[in-house]
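Here's the structure we're looking at; comments come further down.
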Amino acid sequence: MDGSAAYIALDYWDLSLGSLLVLANAGLSLALQLGLHKRLLVSSVRMVVQLFLMGLVLTVIFTRLSPYLTSLAALIMVAFAGREVAARQERRLAGLWSYGLGTASMMLAAVLVTVLALTTALKPDPWYDPRYALPLLGMILGNTMTGVSLGMNSLTTGLHQRRAAVEARLMLGDDRRAAFGPVVRQALRHALMPIINVMSATGVVSIPGMMTGQILGGVPPTEAVKYQIMILFLIAGGVGLGALAAVFGGVQRLSDPRHRLRLDRLRTPKG
Amino acid sequence: MLEVRALSRIGLSAVSFQLEAGECLAVRGPSGAGKSLLLRAVADLDPSEGDVLWQGRERRHFGGPEWRGIVGYLPAEPGWWGDSVGEHFRHWPLLGDLRGRLGIPDDARDWPITRPSTGERMRLALIRALERKPKVLLLDEPTAALDAKSVAAVEELIAEKRRDEGLAALWVTHDEGQGGRVASRILAVEKGHARLEGA
C-alpha cells in the first residue's frame, strides 16, 4: 500500500461554510469596536476573486504549455512582487530605484533558483512545464519578496538612524565597506531570519502549506516531505541570493565612489 | 597648505580661502548659517562644487578615505558605533598623554558607550580624531558642552598641535572671545554666504 488516495474535491457549499469563520471575525470586530470588519470582508472578497482568476489563468497556461505564456506569467508575478517590496519600505530609495532594485534582485534570485530546480532536480518535460514552474516560482518569489523587503528596509532605516556612526567611521578613514558593515550585517540578518525560523519550526510546530496540499491531494506523506524539504532549500537559497543582491545594490546606491553616505538618495517619508 | 576655491553646495554660496600649516581659521555665524555645511563640504562628506586642494593637489586625485586621513572632522554631535568606549580607538594604550590632558581616565576604555557625559564624549571624539594624525582638523563647536577648565585644555592642546606638528584648523565657534584666542583670521558665515575678516 503506497498510502496515496484520491483527493476530496470541495464544492461551493464547503467554501461558504469556511467563510463563516471570516464572518465570525467580522462580527467580533464589530462587537469589540476594532474597526477591522470592513477590511476583513474586503480582503476576503479580494482573495476569493484573485484566486478564482488565478485558477482560470493557470488552467489556460497549463493547457497551452507555451514557454512564452509561462514567461509572461512569471514576469507579471515578479512585477507585482516588486511593487509589494517598494510599498513595504519605510524609507524608499528615490526615483525608480526602490522598485527597480527590489524587482531586479527578486528576479535574479527567484528565476535563477527556480530554473536550477527545474533543470537539475525536478526535471519535468519540458523543463518549463508551467504546472511545475509557476507554483515553484510563486513559492520562492513569495519568500524572496519578504527577505528582500526586510533587507532593504533594514538597510535604509539603519543607515538613516545610524548616520552619525557611519559618517564617524568614514571620517576616520574607513571605506564604505567597513563603515556600512554593521548596518549591512543587520540588514542581512533581518532578511534571513524568517526563513531560518520557518526551517526550525517546520515539522515540529507547523506543517507547511505545500506539504499539506500534497497530502490532501493524495500524495504519500514521505513523498510530500521530500518535496517540502527541496522547496525549503530552494526558498532559503532564493532569499539569501535576493537579499544579498538587494542589500549590496542598496549600499552601492546609498554611497558613491568617494565613499560618502548618500542619504540624499532616499525619499523623505510621507507624514 | 589647504586651498579652497569657490567651494559651494546646496545651502552654501561659493567660498574661497587658504589655510596654511599651523594656521587656525575661526568660523563664526548664527545657527543655521551654513557653518557645518562648509565643514562637511571640506571634509568631502557631501557632494559639492568648486575645488579643494591639499599641497597643490586637487581633492579628486585623492581617494575618499585617503582625503579623510588628511582632513579630520569633529562634528558637533560625534557618532559611535561600538558598545564600549575602547572600540572606537586604534591604540588606546598609546593615547595616555592626550587622555590625561583632556581629563579622560584610563579605565574609560571599558566604559559602555552610553556612560560618558556629553562633554566627555566630545573630548573622546577629539582624541579619536587626533589619533589618526590629520594635517587639517575641522572642529564644529568642540567646546560647546565643556566647562571652563576643559575648554582651556582643548584650546591649549590644539595650539600645541598647530605649533609642534603644523596642524591646520577650521574652528566653528559661537564664542567671540574664543575666536580671538584660537584663530588669526575669521570666516564669517551668514545665510549661506561666507566672507573673510581679520582677527
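By convention in this document, the chains of the C-alpha cells carry letters A, B, ... by their order, each chain's residues are numbered from 1, and ligands are numbered from 1 in the order they are shown.
The residue set within 9 Å of range 254-271 of chain A, counting only C-alpha atoms and dropping same-chain residues fewer than 4 places from it, reads Glu90, Arg91, Arg92, Leu93, Ala94, Gly95, Thr156, Leu159, His160, Arg163, Val166, Glu167, Leu170, Asp174, Asp175, Arg176, Arg177, Phe180, Gly249 and Gly250 of chain A; Asp44, Leu45, Asp46, Pro47, Arg60, Gly63, Gly64 and Pro65 of chain B.
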With N, CA and C atoms retained, export the selected residues as a short mmCIF file (atom, residue, chain, number, x, y, z; two decimals), in the first residue's frame.
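Once everything was written out, this is selection19.cif:
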```
data_model
loop_
_atom_site.label_atom_id
_atom_site.label_comp_id
_atom_site.auth_asym_id
_atom_site.auth_seq_id
_atom_site.Cartn_x
_atom_site.Cartn_y
_atom_site.Cartn_z
N GLU A 90 9.90 51.74 4.58
CA GLU A 90 9.64 52.93 5.40
C GLU A 90 10.33 54.13 4.76
N ARG A 91 11.54 53.94 4.31
CA ARG A 91 12.30 55.00 3.64
C ARG A 91 12.76 54.44 2.29
N ARG A 92 12.07 54.85 1.24
CA ARG A 92 12.37 54.29 -0.08
C ARG A 92 13.54 54.99 -0.75
N LEU A 93 14.23 54.25 -1.61
CA LEU A 93 15.21 54.88 -2.49
C LEU A 93 14.44 55.79 -3.44
N ALA A 94 15.03 56.95 -3.74
CA ALA A 94 14.32 57.91 -4.59
C ALA A 94 14.25 57.42 -6.03
N GLY A 95 13.30 57.95 -6.76
CA GLY A 95 13.14 57.63 -8.18
C GLY A 95 12.67 56.19 -8.36
N THR A 156 17.98 50.77 4.73
CA THR A 156 17.71 52.21 4.60
C THR A 156 17.41 52.85 5.96
N LEU A 159 20.76 52.90 8.03
CA LEU A 159 21.70 53.94 7.63
C LEU A 159 21.19 55.31 8.06
N HIS A 160 19.89 55.50 7.99
CA HIS A 160 19.31 56.78 8.39
C HIS A 160 19.49 56.99 9.89
N ARG A 163 23.36 57.29 10.98
CA ARG A 163 24.15 58.17 10.11
C ARG A 163 25.42 58.69 10.81
N VAL A 166 28.04 55.97 11.09
CA VAL A 166 28.61 55.61 9.79
C VAL A 166 29.56 56.71 9.33
N GLU A 167 29.14 57.95 9.45
CA GLU A 167 29.99 59.05 9.00
C GLU A 167 31.22 59.21 9.89
N LEU A 170 33.62 56.86 8.43
CA LEU A 170 34.13 57.38 7.15
C LEU A 170 35.16 58.47 7.41
N ASP A 174 37.85 55.08 7.20
CA ASP A 174 37.32 53.78 6.76
C ASP A 174 36.67 53.93 5.39
N ASP A 175 36.68 52.85 4.61
CA ASP A 175 35.95 52.88 3.33
C ASP A 175 34.50 52.50 3.59
N ARG A 176 33.68 52.61 2.56
CA ARG A 176 32.24 52.39 2.77
C ARG A 176 31.94 50.96 3.21
N ARG A 177 32.74 50.01 2.75
CA ARG A 177 32.51 48.61 3.12
C ARG A 177 32.61 48.44 4.65
N PHE A 180 29.83 50.83 6.49
CA PHE A 180 28.44 50.36 6.37
C PHE A 180 28.27 48.96 6.96
N GLY A 249 23.18 46.06 -3.55
CA GLY A 249 22.76 47.08 -4.52
C GLY A 249 22.39 48.37 -3.82
N GLY A 250 21.71 48.24 -2.67
CA GLY A 250 21.34 49.41 -1.87
C GLY A 250 22.57 50.15 -1.34
N ASP B 44 34.54 66.48 2.51
CA ASP B 44 34.09 65.62 1.42
C ASP B 44 33.07 64.59 1.90
N LEU B 45 32.23 65.01 2.84
CA LEU B 45 31.15 64.12 3.30
C LEU B 45 29.91 64.29 2.45
N ASP B 46 29.79 65.44 1.78
CA ASP B 46 28.65 65.71 0.91
C ASP B 46 29.17 66.18 -0.45
N PRO B 47 28.41 65.93 -1.51
CA PRO B 47 28.83 66.43 -2.83
C PRO B 47 28.87 67.97 -2.84
N ARG B 60 40.13 65.57 -5.93
CA ARG B 60 39.64 64.42 -6.69
C ARG B 60 40.76 63.42 -7.02
N GLY B 63 41.77 59.45 -3.02
CA GLY B 63 40.58 58.64 -2.75
C GLY B 63 39.85 59.25 -1.55
N GLY B 64 38.56 58.92 -1.41
CA GLY B 64 37.78 59.46 -0.29
C GLY B 64 38.42 59.17 1.06
N PRO B 65 38.70 57.88 1.38
CA PRO B 65 39.31 57.56 2.67
C PRO B 65 40.68 58.23 2.85
#
```
Find the residues of chain B in contact range of chain A, meaning any atom within 8 Å when counting only C-alpha atoms, and list them as a compact mmCIF listing (two decimals) with C-alpha atoms, in the first residue's frame.
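In the end it all went to result.txt:
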```txt
# COMPACT_ATOMS: atom_id res chain seq x y z
CA ALA B 43 35.64 67.01 4.62
CA ASP B 44 34.09 65.62 1.42
CA LEU B 45 31.15 64.12 3.30
CA ASP B 46 28.65 65.71 0.91
CA GLY B 63 40.58 58.64 -2.75
CA GLY B 64 37.78 59.46 -0.29
CA PRO B 65 39.31 57.56 2.67
CA GLU B 66 42.76 58.97 1.82
CA TRP B 67 41.39 62.52 1.85
CA ARG B 68 39.71 61.99 5.20
CA GLY B 69 43.00 60.73 6.55
CA GLY B 72 39.86 65.18 10.08
CA TYR B 73 36.40 66.28 11.16
CA GLU B 77 27.47 65.50 17.66
CA PRO B 78 30.06 62.75 17.17
CA GLY B 79 28.86 59.27 16.25
CA TRP B 80 29.68 55.98 18.00
CA TRP B 81 29.26 52.50 16.58
CA ALA B 129 40.21 62.39 15.58
CA ARG B 132 44.69 59.49 13.08
```
| request: Quick one: pick out all helix (DSSP H, G or I) residues within range 11-240 of chain A from a backbone DSSP run and write them as an NGL selection string. | output: :A and (12-31 or 37-64 or 67-87 or 97-122 or 130-161 or 163-171 or 176-201 or 209-216 or 221-240)
| said: Env of range 130-146 of chain A: 6 Å cut, atoms = only C-alpha atoms, seq-sep filter 4 positions within chain, self excluded. Answer as a ChimeraX atom specification. | reply: /A:62,70,110,114,235,238-239
Can you pull out the residues contacting range 27-36 of chain B? Cut-off 10 Å, using only C-alpha atoms, and skip same-chain residues under 2 positions away; I want them as an mmCIF file with C-alpha atoms, in the first residue's frame.
```cif
data_model
loop_
_atom_site.group_PDB
_atom_site.id
_atom_site.type_symbol
_atom_site.label_atom_id
_atom_site.label_comp_id
_atom_site.auth_asym_id
_atom_site.auth_seq_id
_atom_site.Cartn_x
_atom_site.Cartn_y
_atom_site.Cartn_z
ATOM 1 C CA ARG B 9 26.853 73.264 -2.217
ATOM 2 C CA ILE B 10 23.165 73.447 -1.509
ATOM 3 C CA GLY B 11 22.791 75.971 1.317
ATOM 4 C CA LEU B 12 26.240 77.472 0.855
ATOM 5 C CA SER B 13 27.396 80.015 -1.739
ATOM 6 C CA CYS B 24 43.636 78.309 12.551
ATOM 7 C CA LEU B 25 40.660 79.975 10.942
ATOM 8 C CA LEU B 38 31.015 74.241 4.964
ATOM 9 C CA LEU B 39 32.932 71.828 7.196
ATOM 10 C CA ARG B 40 31.158 68.804 5.685
ATOM 11 C CA ALA B 41 31.918 70.051 2.181
ATOM 12 C CA VAL B 42 35.632 70.471 3.004
ATOM 13 C CA PRO B 75 31.179 67.128 14.250
ATOM 14 C CA ALA B 76 29.092 68.856 16.887
ATOM 15 C CA LEU B 138 37.688 70.678 11.138
ATOM 16 C CA LEU B 139 36.177 71.416 14.549
ATOM 17 C CA ASP B 140 32.443 72.048 14.893
ATOM 18 C CA GLU B 141 31.888 73.730 18.251
ATOM 19 C CA LEU B 170 38.998 75.324 10.862
ATOM 20 C CA TRP B 171 37.210 76.034 14.159
ATOM 21 C CA VAL B 172 33.481 76.757 14.348
ATOM 22 C CA THR B 173 32.634 78.738 17.463
ATOM 23 C CA HIS B 174 29.853 80.966 18.749
ATOM 24 C CA ASP B 175 32.189 82.390 21.378
ATOM 25 C CA GLU B 176 33.747 85.619 20.077
ATOM 26 C CA GLY B 179 37.565 83.023 18.088
ATOM 27 C CA ALA B 183 42.455 81.987 15.350
ATOM 28 C CA ARG B 185 41.531 85.135 10.927
ATOM 29 C CA ILE B 186 37.791 84.785 10.992
ATOM 30 C CA LEU B 187 35.441 83.419 8.341
ATOM 31 C CA ALA B 188 32.018 84.942 8.936
ATOM 32 C CA VAL B 189 29.145 82.882 7.581
ATOM 33 C CA GLU B 190 25.626 84.252 7.300
ATOM 34 C CA LYS B 191 22.690 82.886 5.333
ATOM 35 C CA GLY B 192 24.988 80.654 3.326
ATOM 36 C CA HIS B 193 27.423 83.435 2.364
ATOM 37 C CA ALA B 194 30.941 83.491 3.779
ATOM 38 C CA ARG B 195 33.476 86.336 3.965
ATOM 39 C CA LEU B 196 36.944 86.526 5.481
#
```
| request: Write out as an NGL selection string all residues of range 7-179 of chain B that backbone DSSP assigns to strand (DSSP E). | output: :B and (7-9 or 12-19 or 24-28 or 49-54 or 57-58 or 71-74 or 136-140 or 168-172)
I need the chosen residues saved as a compact mmCIF listing (two decimals), in the first residue's frame, with N, CA and C atoms.
```
# COMPACT_ATOMS: atom_id res chain seq x y z
N LEU B 7 34.21 76.95 -3.31
CA LEU B 7 33.50 75.75 -2.85
C LEU B 7 32.05 76.11 -2.54
N SER B 8 31.14 75.37 -3.14
CA SER B 8 29.72 75.64 -2.88
C SER B 8 28.94 74.34 -2.86
N ARG B 9 27.77 74.40 -2.27
CA ARG B 9 26.85 73.26 -2.22
C ARG B 9 25.49 73.82 -1.88
N LEU B 12 24.98 76.74 0.65
CA LEU B 12 26.24 77.47 0.86
C LEU B 12 26.73 78.04 -0.47
N SER B 13 26.87 79.38 -0.53
CA SER B 13 27.40 80.01 -1.74
C SER B 13 28.91 79.84 -1.80
N ALA B 14 29.46 80.13 -2.98
CA ALA B 14 30.89 79.89 -3.21
C ALA B 14 31.76 80.57 -2.16
N VAL B 15 32.68 79.80 -1.60
CA VAL B 15 33.59 80.35 -0.59
C VAL B 15 35.01 79.94 -0.94
N SER B 16 35.94 80.89 -0.75
CA SER B 16 37.36 80.61 -1.05
C SER B 16 38.21 81.07 0.12
N PHE B 17 39.18 80.27 0.46
CA PHE B 17 40.16 80.68 1.48
C PHE B 17 41.33 79.70 1.44
N GLN B 18 42.40 80.12 2.09
CA GLN B 18 43.57 79.24 2.21
C GLN B 18 43.86 79.03 3.68
N LEU B 19 44.41 77.88 3.98
CA LEU B 19 44.76 77.56 5.35
C LEU B 19 46.19 77.01 5.34
N CYS B 24 45.02 78.62 12.15
CA CYS B 24 43.64 78.31 12.55
C CYS B 24 42.71 79.42 12.08
N LEU B 25 41.66 79.02 11.44
CA LEU B 25 40.66 79.97 10.94
C LEU B 25 39.37 79.73 11.72
N ALA B 26 38.89 80.77 12.41
CA ALA B 26 37.64 80.61 13.16
C ALA B 26 36.46 80.83 12.21
N VAL B 27 35.45 80.01 12.36
CA VAL B 27 34.24 80.15 11.54
C VAL B 27 33.12 80.58 12.48
N ARG B 28 32.56 81.75 12.18
CA ARG B 28 31.51 82.28 13.05
C ARG B 28 30.25 82.58 12.27
N GLU B 49 30.49 71.65 -5.23
CA GLU B 49 31.11 72.21 -6.44
C GLU B 49 32.38 72.96 -6.02
N GLY B 50 33.23 73.27 -7.00
CA GLY B 50 34.44 74.01 -6.69
C GLY B 50 35.62 73.09 -6.42
N ASP B 51 36.73 73.68 -6.05
CA ASP B 51 37.95 72.88 -5.84
C ASP B 51 38.45 72.99 -4.41
N VAL B 52 38.98 71.88 -3.94
CA VAL B 52 39.70 71.87 -2.67
C VAL B 52 41.03 71.19 -2.96
N LEU B 53 42.12 71.84 -2.56
CA LEU B 53 43.45 71.29 -2.87
C LEU B 53 44.24 71.11 -1.59
N TRP B 54 45.02 70.08 -1.56
CA TRP B 54 45.96 69.86 -0.46
C TRP B 54 47.37 69.84 -1.06
N ARG B 57 47.51 69.82 -4.76
CA ARG B 57 46.92 68.68 -5.49
C ARG B 57 45.41 68.66 -5.26
N GLU B 58 44.66 68.55 -6.34
CA GLU B 58 43.20 68.60 -6.22
C GLU B 58 42.65 67.38 -5.46
N VAL B 71 42.30 65.24 6.16
CA VAL B 71 41.38 66.22 6.75
C VAL B 71 40.49 65.51 7.77
N GLY B 72 40.70 65.77 9.04
CA GLY B 72 39.86 65.18 10.08
C GLY B 72 38.68 66.08 10.38
N TYR B 73 37.61 65.50 10.89
CA TYR B 73 36.40 66.28 11.16
C TYR B 73 35.81 65.86 12.48
N LEU B 74 35.59 66.83 13.35
CA LEU B 74 34.94 66.57 14.62
C LEU B 74 33.58 67.26 14.58
N VAL B 136 44.85 68.55 8.70
CA VAL B 136 43.87 69.62 8.88
C VAL B 136 42.75 69.08 9.76
N LEU B 137 42.32 69.87 10.74
CA LEU B 137 41.24 69.41 11.60
C LEU B 137 40.08 70.39 11.54
N LEU B 138 38.90 69.86 11.23
CA LEU B 138 37.69 70.68 11.14
C LEU B 138 36.92 70.48 12.44
N LEU B 139 36.78 71.53 13.22
CA LEU B 139 36.18 71.42 14.55
C LEU B 139 34.85 72.16 14.57
N ASP B 140 33.77 71.44 14.86
CA ASP B 140 32.44 72.05 14.89
C ASP B 140 32.01 72.23 16.35
N ALA B 168 46.68 72.34 10.84
CA ALA B 168 45.85 73.48 10.47
C ALA B 168 44.43 73.20 10.96
N ALA B 169 43.71 74.25 11.34
CA ALA B 169 42.37 74.01 11.91
C ALA B 169 41.35 75.01 11.39
N LEU B 170 40.15 74.49 11.21
CA LEU B 170 39.00 75.32 10.86
C LEU B 170 38.05 75.12 12.04
N TRP B 171 37.82 76.18 12.84
CA TRP B 171 37.21 76.03 14.16
C TRP B 171 35.90 76.82 14.22
N VAL B 172 34.79 76.09 14.23
CA VAL B 172 33.48 76.76 14.35
C VAL B 172 33.23 77.09 15.81
```
| said: For a test of reading the model, state the distance in Å between CA of Ala26 in chain A and CA of Asp11 in chain A, rounded to one decimal. | reply: 23.6 Å
| query | At what distance in Å, to one decimal, does CA of Leu58 in chain A lie from CA of Gly147 in chain A? | reply |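 Result for CA of Gly147 in chain A versus CA of Leu58 in chain A: 26.1 Å, one decimal.
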| request: Compile the contact shell of Gly237 in chain A as a PyMOL selection string: residues with an atom at most 12 Å away, counting only C-alpha atoms, same-chain residues fewer than 5 positions apart removed. | output: chain A and resi 106+108-114+116-117+140-141+143-144+147+192+195-196+230-232+242-244
Same residues, N, CA and C atoms, saved as an mmCIF file, in the first residue's frame:
```
data_model
loop_
_atom_site.group_PDB
_atom_site.id
_atom_site.type_symbol
_atom_site.label_atom_id
_atom_site.label_comp_id
_atom_site.auth_asym_id
_atom_site.auth_seq_id
_atom_site.Cartn_x
_atom_site.Cartn_y
_atom_site.Cartn_z
ATOM 1 N N MET A 106 14.841 40.291 -6.877
ATOM 2 C CA MET A 106 13.947 39.127 -6.797
ATOM 3 C C MET A 106 13.966 38.313 -8.081
ATOM 4 N N LEU A 108 16.393 38.085 -10.245
ATOM 5 C CA LEU A 108 17.659 37.352 -10.298
ATOM 6 C C LEU A 108 17.592 36.092 -9.427
ATOM 7 N N ALA A 109 17.186 36.288 -8.162
ATOM 8 C CA ALA A 109 17.234 35.177 -7.214
ATOM 9 C C ALA A 109 16.165 34.126 -7.522
ATOM 10 N N ALA A 110 14.922 34.568 -7.656
ATOM 11 C CA ALA A 110 13.826 33.602 -7.794
ATOM 12 C C ALA A 110 13.909 32.851 -9.124
ATOM 13 N N VAL A 111 14.192 33.569 -10.211
ATOM 14 C CA VAL A 111 14.254 32.911 -11.516
ATOM 15 C C VAL A 111 15.435 31.933 -11.563
ATOM 16 N N LEU A 112 16.578 32.390 -11.034
ATOM 17 C CA LEU A 112 17.771 31.531 -11.046
ATOM 18 C C LEU A 112 17.527 30.241 -10.262
ATOM 19 N N VAL A 113 16.986 30.376 -9.073
ATOM 20 C CA VAL A 113 16.765 29.203 -8.216
ATOM 21 C C VAL A 113 15.688 28.297 -8.827
ATOM 22 N N THR A 114 14.632 28.901 -9.379
ATOM 23 C CA THR A 114 13.565 28.096 -9.981
ATOM 24 C C THR A 114 14.089 27.308 -11.185
ATOM 25 N N LEU A 116 17.126 26.506 -11.797
ATOM 26 C CA LEU A 116 18.067 25.496 -11.296
ATOM 27 C C LEU A 116 17.312 24.246 -10.829
ATOM 28 N N ALA A 117 16.236 24.460 -10.058
ATOM 29 C CA ALA A 117 15.464 23.325 -9.546
ATOM 30 C C ALA A 117 14.797 22.555 -10.687
ATOM 31 N N ILE A 140 8.885 30.416 -4.173
ATOM 32 C CA ILE A 140 10.209 31.014 -3.971
ATOM 33 C C ILE A 140 10.096 32.539 -3.979
ATOM 34 N N LEU A 141 9.310 33.065 -4.907
ATOM 35 C CA LEU A 141 9.151 34.512 -5.036
ATOM 36 C C LEU A 141 8.512 35.118 -3.785
ATOM 37 N N ASN A 143 8.581 34.139 -0.716
ATOM 38 C CA ASN A 143 9.515 34.211 0.409
ATOM 39 C C ASN A 143 10.679 35.147 0.117
ATOM 40 N N THR A 144 11.135 35.150 -1.137
ATOM 41 C CA THR A 144 12.223 36.065 -1.505
ATOM 42 C C THR A 144 11.752 37.509 -1.338
ATOM 43 N N GLY A 147 12.114 38.470 2.228
ATOM 44 C CA GLY A 147 13.521 38.675 2.571
ATOM 45 C C GLY A 147 14.070 39.962 1.987
ATOM 46 N N LEU A 192 17.184 37.164 6.507
ATOM 47 C CA LEU A 192 17.266 35.698 6.561
ATOM 48 C C LEU A 192 16.532 35.082 7.754
ATOM 49 N N ILE A 195 13.138 32.858 7.205
ATOM 50 C CA ILE A 195 13.285 31.515 6.614
ATOM 51 C C ILE A 195 14.011 30.577 7.587
ATOM 52 N N ILE A 196 14.934 31.160 8.375
ATOM 53 C CA ILE A 196 15.601 30.332 9.398
ATOM 54 C C ILE A 196 14.570 29.863 10.418
ATOM 55 N N MET A 230 12.925 19.978 -0.319
ATOM 56 C CA MET A 230 13.512 20.599 -1.507
ATOM 57 C C MET A 230 13.054 22.060 -1.633
ATOM 58 N N ILE A 231 11.761 22.285 -1.435
ATOM 59 C CA ILE A 231 11.216 23.637 -1.550
ATOM 60 C C ILE A 231 11.858 24.573 -0.531
ATOM 61 N N LEU A 232 12.006 24.101 0.700
ATOM 62 C CA LEU A 232 12.587 24.972 1.730
ATOM 63 C C LEU A 232 14.047 25.294 1.423
ATOM 64 N N GLY A 242 18.592 36.817 -3.097
ATOM 65 C CA GLY A 242 17.836 38.052 -3.323
ATOM 66 C C GLY A 242 18.211 39.127 -2.327
ATOM 67 N N ALA A 243 18.312 38.757 -1.051
ATOM 68 C CA ALA A 243 18.651 39.744 -0.023
ATOM 69 C C ALA A 243 20.055 40.285 -0.247
ATOM 70 N N LEU A 244 20.962 39.391 -0.615
ATOM 71 C CA LEU A 244 22.345 39.816 -0.866
ATOM 72 C C LEU A 244 22.389 40.838 -2.006
#
```
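Neighbours of range 95-104 of chain B closer than or equal to 8 Å, with only C-alpha atoms counted and sequence neighbours fewer than 5 positions away skipped, come out as Glu120, Arg123, Leu124, Ile127, Glu131, Ser150, Ala153, Val154 and Leu157 of chain B.
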Keeping only N, CA and C atoms, write those residues as a PDB file, in the first residue's frame.
```
ATOM      1  N   GLU B 120      32.362  64.607  27.989  1.00  0.00           N
ATOM      2  CA  GLU B 120      33.362  63.524  27.866  1.00  0.00           C
ATOM      3  C   GLU B 120      33.338  62.938  26.451  1.00  0.00           C
ATOM      4  N   ARG B 123      35.277  65.211  24.186  1.00  0.00           N
ATOM      5  CA  ARG B 123      36.732  65.085  24.381  1.00  0.00           C
ATOM      6  C   ARG B 123      37.242  63.745  23.841  1.00  0.00           C
ATOM      7  N   LEU B 124      36.462  62.690  24.033  1.00  0.00           N
ATOM      8  CA  LEU B 124      36.843  61.384  23.470  1.00  0.00           C
ATOM      9  C   LEU B 124      36.892  61.459  21.939  1.00  0.00           C
ATOM     10  N   ILE B 127      40.037  63.154  20.856  1.00  0.00           N
ATOM     11  CA  ILE B 127      41.187  62.237  20.944  1.00  0.00           C
ATOM     12  C   ILE B 127      41.163  61.263  19.764  1.00  0.00           C
ATOM     13  N   GLU B 131      44.037  60.917  16.984  1.00  0.00           N
ATOM     14  CA  GLU B 131      44.786  59.654  16.900  1.00  0.00           C
ATOM     15  C   GLU B 131      45.205  59.362  15.465  1.00  0.00           C
ATOM     16  N   SER B 150      38.062  72.501  30.955  1.00  0.00           N
ATOM     17  CA  SER B 150      38.189  71.638  29.769  1.00  0.00           C
ATOM     18  C   SER B 150      38.340  72.468  28.497  1.00  0.00           C
ATOM     19  N   ALA B 153      41.835  73.395  28.278  1.00  0.00           N
ATOM     20  CA  ALA B 153      42.675  72.236  27.930  1.00  0.00           C
ATOM     21  C   ALA B 153      42.603  71.956  26.431  1.00  0.00           C
ATOM     22  N   VAL B 154      41.402  72.045  25.868  1.00  0.00           N
ATOM     23  CA  VAL B 154      41.247  71.781  24.430  1.00  0.00           C
ATOM     24  C   VAL B 154      41.962  72.864  23.619  1.00  0.00           C
ATOM     25  N   LEU B 157      45.676  72.310  23.821  1.00  0.00           N
ATOM     26  CA  LEU B 157      46.107  71.124  23.069  1.00  0.00           C
ATOM     27  C   LEU B 157      46.166  71.414  21.560  1.00  0.00           C
TER      28      LEU B 157
END
```
| field | Residue nearest Ala187 in chain A - candidates A:Val247, A:Leu241, A:Ala224, A:Ala201, atoms counted: only C-alpha atoms | value |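 Residue with the minimum atom-to-atom distance to Ala187 in chain A: A:Val247.
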| said: Need the shell around Glu84 in chain A: protein/DNA/RNA residues with any atom at most 10 Å away, counting only C-alpha atoms. Skip same-chain ones fewer than 3 positions apart. Format as a ChimeraX atom specification? | reply: /A:78-81,87-89,99,102-103,145-146,149
| said: Could you tell me how far CA of His88 in chain B sits from CA of Gly22 in chain B, in Å to one decimal place? | reply: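 Taking CA of Gly22 in chain B and CA of His88 in chain B, their separation equals 26.8 Å.
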